[in-house]
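Undergrad: Let me begin by handing over the structure; questions about it come next.
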Amino acid sequence: MRTLFRDVRIFDGIQLIAQHGAVLVDGNRIARVADSADALDGEQADTVIEGAGRTLMPGMVESHAHLTWASSVEKIYHQFILPPEELKVAAWRNARVLLDHGFTSAYSAGALGDHIEPELAAAIDAGETPGPRLIPSTLERSPEGAEGVETGDVFNGRGPDAIRQFVSYCKDSGVRSLKLVISGEDALKPGSAKDVLYTDEEMEAAGAAAREAGLWIATHAYYPKAIELALKAGARIIYHASYADQAAMDQMVAARDSTFYAPSPGVSVATLEATPPPHIDMSHMKASATERMALESKVVPALKARGVKILIGGDYGFPFNPNGRNARDLQIFVEHFGYAPAEALSAATKLGGELMGLDVGQVKEGFLADLLLVDGDPTADVAILQDKDKLAAIMKDGALYKAPVA
Ligand SMILES: [Zn+2]
């Protein structure tokens with residue numbers, strides 16, 4: 001199966017490389033990338049898509065996905081914990097909603113159940129249900145007795161042995177990334193973000209066991225000590241890091257080749273905008289969000305300038321921040337963190353692809369064909385990516401999930 005995109009503006013994951021280019025997809029890979037509209041016209045193709053100057057770009061990567069946080073732009077849930085059958089319906093729906101909105105890859109930041117994401121990832125891979133390529137995770141783990149974060153009750157005992165048990169349990173479950181909640185969470189328990197929930201020994205054990213098991217570690221970390229522990233464990237990704245000081249930033253820079261960073265501003269901005277009914281008090285959440293956005297507005301540009309790989313992903317899945325709105329992070333990066341549009345796009349594509357550890361996130365010969373045909377120019381205005389009607393075509397793994405209207 002070969003698909004030719006003709007006359008497309010091409011954003012390759014780093015920059016605009018053609019105003020009127022062409023891209024040939026053969027099987028599930030990008031076979032040719034050319035910088036003139038007709039350069040590939042001699043190639044055989046089963047399907048020819050006329051871009052007419054629309055933009056072809058890599059599919060986006062959500063680096064902080066919570067597909068089991070039930071709310072989406074299609075259906076809002078007001079309770080956080082759902083019965084298992086309903087949870088599964090919501091997670092399957094959310095995977096499809098992310099793909100509908102241009103996300104062809106997602107890295108899970110934790111699930112509200114242990115087996116649901118490995119099962120979902122397998123169903124997506126088998127073509128049984130639509131969704132992004134998914135790095136599945138399990139329950140977000142914080143140690144027994146630690147407050148402030150909702151967790152499950154499996155293997156959350158104290159000490160290195162309990163951590164090792166948790167890691168081997170995750171491996172057996174088919175999880176690919178574990179989620180360790182190292183800091184508390186102010187939004188749930190005011191003042192707890194500076195709490196450090198793990199010991200040095202526990203985090204070292206986590207790092208060693210995960211490496212041995214071939215699993216990645218994703219971490220919820222706000223303050224310098226928590227960031228230090230995440231790095232010591234060799235975390236694949238650090239979320240938030242809002243209160244990083246100079247020393248913590250230096251450590252993140254030193255680890256920039258192996259540890260990604262996702263500040264996750266989407267949830268903060270949505271918290272500030274939320275207008276909850278009178279019986280729901282969001283005042284401390286709003287205060288925390290104000291503080292975090294102010295801090296991240298300094299931390300993110302400083303780390304970006306020093307080469308840290310910073311990704312989009314914003315804790316979507318709350319009623320006030322539903323799944324499907326994920327592309328909003330790009331606009332927030334531009335408006336709050338000083339990103340040029342192409343830099344925000346690159347965070348959502350090329351850098352996200354590196355996080356996935358797959359040949360995705362670039363329009364490049366040999367890469368997997370995860371592509372979006374966008375009606376408009378996202379390098380001029382990233383906000384258009386929030387409108388799924390502007391996604392004229394969505395291709396994943398060489399197959400057109402959404403084809404242009406002829
Ligand atoms: Zn999260």
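If you're wondering about the labels, chains in the structure tokens are A, B, ... by order shown, residues count from 1 in each chain, ligands from 1 in order shown.
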For the interface of stretch 112-167 of chain A with stretch 396-401 of chain A (cut-off 12 Å, counting only C-alpha atoms), please tabulate each contacting residue of stretch 112-167 of chain A alongside its nearest pair of atoms and their separation in Å to one decimal, rows sorted by chain and increasing number, as a tab-separated table.
TA:
```
residue	atom	partner	partner_atom	distance
A:Ile124	CA	A:Lys396	CA	11.2
A:Asp125	CA	A:Asp397	CA	10.2
A:Gly127	CA	A:Asp397	CA	10.9
A:Thr129	CA	A:Tyr401	CA	11.4
A:Pro130	CA	A:Tyr401	CA	8.3
A:Gly131	CA	A:Lys396	CA	9.2
A:Pro132	CA	A:Lys396	CA	8.1
A:Arg133	CA	A:Lys396	CA	8.8
```
Undergrad: 12 Å from ligand 1 is the threshold here; counting only C-alpha atoms and all ligand atoms, which polymer residues fall inside it? Answer as number ranges by chain.
TA: A: 62-69, 107-112, 137, 139-141, 149-150, 179-181, 183-185, 187, 218-221, 237-240, 262-268, 313-318, 321
Undergrad: Would you save the residues of that selection, restricted to C-alpha atoms, as a short mmCIF file (atom, residue, chain, number, x, y, z; two decimals), in the first residue's frame?
TA:
```cif
data_model
loop_
_atom_site.label_atom_id
_atom_site.label_comp_id
_atom_site.auth_asym_id
_atom_site.auth_seq_id
_atom_site.Cartn_x
_atom_site.Cartn_y
_atom_site.Cartn_z
CA GLU A 62 1.23 13.20 24.42
CA SER A 63 3.95 12.68 27.02
CA HIS A 64 1.73 12.78 30.10
CA ALA A 65 -1.33 10.73 29.20
CA HIS A 66 -4.00 9.54 31.62
CA LEU A 67 -6.40 7.60 29.43
CA THR A 68 -8.17 6.18 32.48
CA TRP A 69 -8.88 9.63 33.81
CA TYR A 107 3.24 7.91 26.98
CA SER A 108 1.19 7.00 30.02
CA ALA A 109 1.71 8.87 33.26
CA GLY A 110 -0.29 6.33 35.19
CA ALA A 111 -3.60 4.50 35.19
CA LEU A 112 -6.50 3.96 37.57
CA SER A 137 1.53 2.12 32.75
CA LEU A 139 -1.36 2.62 39.13
CA GLU A 140 0.59 5.66 40.19
CA ARG A 141 2.64 4.46 43.09
CA VAL A 149 -2.11 11.42 46.08
CA GLU A 150 -4.71 8.85 45.18
CA LYS A 179 4.82 5.90 37.60
CA LEU A 180 6.38 6.94 40.87
CA VAL A 181 4.81 9.80 42.79
CA SER A 183 6.39 14.57 45.56
CA GLY A 184 3.03 15.16 47.18
CA GLU A 185 0.44 17.18 45.30
CA ALA A 187 -3.86 20.39 44.35
CA ALA A 218 7.99 8.30 34.96
CA THR A 219 8.03 10.59 37.96
CA HIS A 220 5.83 13.19 39.62
CA ALA A 221 8.37 15.59 41.19
CA ILE A 237 10.75 11.56 32.34
CA ILE A 238 10.13 14.09 35.09
CA TYR A 239 6.75 15.78 35.33
CA HIS A 240 6.23 19.27 36.79
CA ALA A 262 7.27 17.75 30.83
CA PRO A 263 6.03 20.66 32.95
CA SER A 264 2.36 19.83 32.28
CA PRO A 265 0.91 23.34 32.22
CA GLY A 266 -2.38 22.29 30.65
CA VAL A 267 -3.88 21.30 33.95
CA SER A 268 -2.73 24.53 35.64
CA GLY A 313 1.51 16.91 28.02
CA GLY A 314 -0.79 18.41 30.57
CA ASP A 315 -2.58 15.95 32.85
CA TYR A 316 -5.70 15.90 30.69
CA GLY A 317 -8.66 13.82 31.90
CA PHE A 318 -10.33 15.98 34.56
CA ASN A 321 -9.35 19.58 31.52
#
```
Undergrad: Compile the contact shell of A:Ala209 as a count of residues only: residues with an atom at most 8 Å away, counting only C-alpha atoms, same-chain residues fewer than 4 positions apart removed.
TA: 5
Undergrad: If you run DSSP on the backbone here, which positions in stretch 150-344 of chain A get strand (DSSP E or B)? Please write them as a VMD selection string.
TA: chain A and resid 177 to 181 183 196 216 to 221 237 to 240 260 to 262 310 318 321 323
Undergrad: Those selected residues, please, written with N, CA and C atoms and delivered as a PDB file, in the first residue's frame.
TA:
```
ATOM      1  N   SER A 177       6.155   1.375  31.533  1.00  0.00           N
ATOM      2  CA  SER A 177       6.693   2.489  32.316  1.00  0.00           C
ATOM      3  C   SER A 177       5.976   2.513  33.650  1.00  0.00           C
ATOM      4  N   LEU A 178       6.739   2.615  34.726  1.00  0.00           N
ATOM      5  CA  LEU A 178       6.081   2.744  36.026  1.00  0.00           C
ATOM      6  C   LEU A 178       5.979   4.202  36.388  1.00  0.00           C
ATOM      7  N   LYS A 179       4.993   4.516  37.192  1.00  0.00           N
ATOM      8  CA  LYS A 179       4.816   5.902  37.597  1.00  0.00           C
ATOM      9  C   LYS A 179       5.052   5.989  39.100  1.00  0.00           C
ATOM     10  N   LEU A 180       6.073   6.753  39.459  1.00  0.00           N
ATOM     11  CA  LEU A 180       6.375   6.939  40.873  1.00  0.00           C
ATOM     12  C   LEU A 180       6.052   8.378  41.274  1.00  0.00           C
ATOM     13  N   VAL A 181       5.213   8.490  42.260  1.00  0.00           N
ATOM     14  CA  VAL A 181       4.814   9.796  42.786  1.00  0.00           C
ATOM     15  C   VAL A 181       5.806  10.141  43.892  1.00  0.00           C
ATOM     16  N   SER A 183       6.860  13.409  44.795  1.00  0.00           N
ATOM     17  CA  SER A 183       6.385  14.574  45.561  1.00  0.00           C
ATOM     18  C   SER A 183       4.911  14.397  45.880  1.00  0.00           C
ATOM     19  N   VAL A 196       8.645  14.767  50.328  1.00  0.00           N
ATOM     20  CA  VAL A 196       9.340  13.766  49.510  1.00  0.00           C
ATOM     21  C   VAL A 196       8.892  12.409  50.026  1.00  0.00           C
ATOM     22  N   TRP A 216      10.755   1.617  31.933  1.00  0.00           N
ATOM     23  CA  TRP A 216      11.057   3.027  32.155  1.00  0.00           C
ATOM     24  C   TRP A 216      10.349   3.505  33.426  1.00  0.00           C
ATOM     25  N   ILE A 217      10.840   4.633  33.925  1.00  0.00           N
ATOM     26  CA  ILE A 217      10.231   5.236  35.116  1.00  0.00           C
ATOM     27  C   ILE A 217       9.773   6.655  34.784  1.00  0.00           C
ATOM     28  N   ALA A 218       8.519   6.935  35.074  1.00  0.00           N
ATOM     29  CA  ALA A 218       7.990   8.298  34.963  1.00  0.00           C
ATOM     30  C   ALA A 218       7.751   8.811  36.382  1.00  0.00           C
ATOM     31  N   THR A 219       8.050  10.083  36.582  1.00  0.00           N
ATOM     32  CA  THR A 219       8.033  10.588  37.959  1.00  0.00           C
ATOM     33  C   THR A 219       7.253  11.894  38.102  1.00  0.00           C
ATOM     34  N   HIS A 220       6.541  11.979  39.204  1.00  0.00           N
ATOM     35  CA  HIS A 220       5.835  13.192  39.619  1.00  0.00           C
ATOM     36  C   HIS A 220       6.746  13.855  40.659  1.00  0.00           C
ATOM     37  N   ALA A 221       7.362  14.975  40.304  1.00  0.00           N
ATOM     38  CA  ALA A 221       8.370  15.586  41.187  1.00  0.00           C
ATOM     39  C   ALA A 221       8.310  17.107  41.096  1.00  0.00           C
ATOM     40  N   ILE A 237      11.392  10.237  32.442  1.00  0.00           N
ATOM     41  CA  ILE A 237      10.749  11.555  32.336  1.00  0.00           C
ATOM     42  C   ILE A 237      10.387  12.081  33.728  1.00  0.00           C
ATOM     43  N   ILE A 238      10.527  13.390  33.860  1.00  0.00           N
ATOM     44  CA  ILE A 238      10.134  14.086  35.091  1.00  0.00           C
ATOM     45  C   ILE A 238       8.965  15.006  34.753  1.00  0.00           C
ATOM     46  N   TYR A 239       7.887  14.878  35.502  1.00  0.00           N
ATOM     47  CA  TYR A 239       6.745  15.778  35.334  1.00  0.00           C
ATOM     48  C   TYR A 239       6.787  16.890  36.382  1.00  0.00           C
ATOM     49  N   HIS A 240       6.406  18.069  35.958  1.00  0.00           N
ATOM     50  CA  HIS A 240       6.225  19.268  36.790  1.00  0.00           C
ATOM     51  C   HIS A 240       7.545  19.987  37.073  1.00  0.00           C
ATOM     52  N   PHE A 260      13.832  13.188  30.030  1.00  0.00           N
ATOM     53  CA  PHE A 260      12.993  14.229  29.446  1.00  0.00           C
ATOM     54  C   PHE A 260      12.260  14.977  30.563  1.00  0.00           C
ATOM     55  N   TYR A 261      11.717  16.124  30.197  1.00  0.00           N
ATOM     56  CA  TYR A 261      10.986  16.942  31.161  1.00  0.00           C
ATOM     57  C   TYR A 261       9.665  17.390  30.547  1.00  0.00           C
ATOM     58  N   ALA A 262       8.581  17.246  31.277  1.00  0.00           N
ATOM     59  CA  ALA A 262       7.274  17.746  30.827  1.00  0.00           C
ATOM     60  C   ALA A 262       6.630  18.527  31.972  1.00  0.00           C
ATOM     61  N   ILE A 310      12.211  19.149  26.419  1.00  0.00           N
ATOM     62  CA  ILE A 310      10.969  19.496  27.115  1.00  0.00           C
ATOM     63  C   ILE A 310       9.782  19.164  26.226  1.00  0.00           C
ATOM     64  N   PHE A 318      -9.397  15.456  33.558  1.00  0.00           N
ATOM     65  CA  PHE A 318     -10.327  15.978  34.559  1.00  0.00           C
ATOM     66  C   PHE A 318     -11.551  16.575  33.839  1.00  0.00           C
ATOM     67  N   ASN A 321     -10.539  19.672  32.380  1.00  0.00           N
ATOM     68  CA  ASN A 321      -9.353  19.579  31.520  1.00  0.00           C
ATOM     69  C   ASN A 321      -9.411  18.247  30.759  1.00  0.00           C
ATOM     70  N   ASN A 323      -9.592  14.942  28.278  1.00  0.00           N
ATOM     71  CA  ASN A 323      -8.851  14.331  27.181  1.00  0.00           C
ATOM     72  C   ASN A 323      -9.429  14.826  25.854  1.00  0.00           C
TER      73      ASN A 323
END
```
Undergrad: Which residues are near A:Ala121? Cut-off 8 Å, only C-alpha atoms, ignore same chain within fewer than 5 positions. Put them as an NGL selection string.
TA: :A and (133-136)
Undergrad: Do you know which residues are at most 6 Å from stretch 73-87 of chain A counting only C-alpha atoms, after dropping those on the same chain fewer than 5 positions away, and could you put them as a list in words?
TA: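 Neighbouring residues, sequence-local ones excluded: Pro319, Pro322 and Gly324 of chain A.
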Undergrad: I'd like the contact shell of A:Thr3 - 7 Å cut-off, only C-alpha atoms, skipping same-chain residues fewer than 2 positions apart - returned as a list of chain:residue names.
TA: A:Met1, A:Phe5, A:Leu24, A:Val25, A:Asp26, A:Ala45, A:Asp46, A:Thr47, A:Val48
Undergrad: Mind dumping the selected residues with N, CA and C atoms as a PDB file, in the first residue's frame?
TA:
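And here is the file that came out, out.pdb:
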```pdb
ATOM      1  N   MET A   1       0.849  -1.208   0.000  1.00  0.00           N
ATOM      2  CA  MET A   1       0.000   0.000   0.000  1.00  0.00           C
ATOM      3  C   MET A   1       0.875   1.245   0.000  1.00  0.00           C
ATOM      4  N   PHE A   5       1.407  11.980  -0.835  1.00  0.00           N
ATOM      5  CA  PHE A   5       0.895  13.316  -0.497  1.00  0.00           C
ATOM      6  C   PHE A   5       1.574  14.297  -1.447  1.00  0.00           C
ATOM      7  N   LEU A  24       6.055  10.361  -0.008  1.00  0.00           N
ATOM      8  CA  LEU A  24       5.548   9.040  -0.393  1.00  0.00           C
ATOM      9  C   LEU A  24       5.666   8.084   0.791  1.00  0.00           C
ATOM     10  N   VAL A  25       4.537   7.427   1.083  1.00  0.00           N
ATOM     11  CA  VAL A  25       4.504   6.428   2.149  1.00  0.00           C
ATOM     12  C   VAL A  25       4.384   5.056   1.504  1.00  0.00           C
ATOM     13  N   ASP A  26       5.266   4.162   1.914  1.00  0.00           N
ATOM     14  CA  ASP A  26       5.232   2.790   1.378  1.00  0.00           C
ATOM     15  C   ASP A  26       5.100   1.845   2.562  1.00  0.00           C
ATOM     16  N   ALA A  45       1.551   4.863  -6.826  1.00  0.00           N
ATOM     17  CA  ALA A  45       0.870   5.031  -5.542  1.00  0.00           C
ATOM     18  C   ALA A  45      -0.565   4.530  -5.652  1.00  0.00           C
ATOM     19  N   ASP A  46      -1.032   3.894  -4.602  1.00  0.00           N
ATOM     20  CA  ASP A  46      -2.423   3.423  -4.585  1.00  0.00           C
ATOM     21  C   ASP A  46      -3.382   4.575  -4.317  1.00  0.00           C
ATOM     22  N   THR A  47      -2.910   5.506  -3.501  1.00  0.00           N
ATOM     23  CA  THR A  47      -3.743   6.651  -3.136  1.00  0.00           C
ATOM     24  C   THR A  47      -2.916   7.919  -3.314  1.00  0.00           C
ATOM     25  N   VAL A  48      -3.488   8.915  -3.970  1.00  0.00           N
ATOM     26  CA  VAL A  48      -2.823  10.209  -4.099  1.00  0.00           C
ATOM     27  C   VAL A  48      -3.675  11.242  -3.375  1.00  0.00           C
TER      28      VAL A  48
END
```
Undergrad: In terms of the shortest atom-to-atom distance over only C-alpha atoms, which of A:Leu120, A:Thr349, A:Ile14, A:His115 is closest to A:Ala91?
TA: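 Ranking A:Leu120, A:Thr349, A:Ile14, A:His115 by distance to A:Ala91, first place goes to A:Leu120.
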Undergrad: Under the rule that only C-alpha atoms are counted, which of A:Glu50, A:Asp12, A:Asp172, A:Asp195 is the nearest residue to A:Asp35?
TA: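 Once distances to A:Asp35 are computed over only C-alpha atoms, the minimum belongs to A:Asp12.
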Undergrad: Could you please determine the separation between atom CA of A:Ser283 and atom CA of A:Lys298 in Å, to one decimal place?
TA: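 Between these atoms lies a distance of 23.7 Å.
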Undergrad: Rank nothing, just name the residue among A:Pro160, A:Pro301, A:Gly307, A:Gly366 nearest to A:His336, using only C-alpha atoms.
TA: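 Smallest separation from A:His336 among the options: A:Pro301.
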Undergrad: Please compute the atom CA of A:Ala22-atom CA of A:Arg54 distance, one decimal, in Å.
TA: 11.3 Å
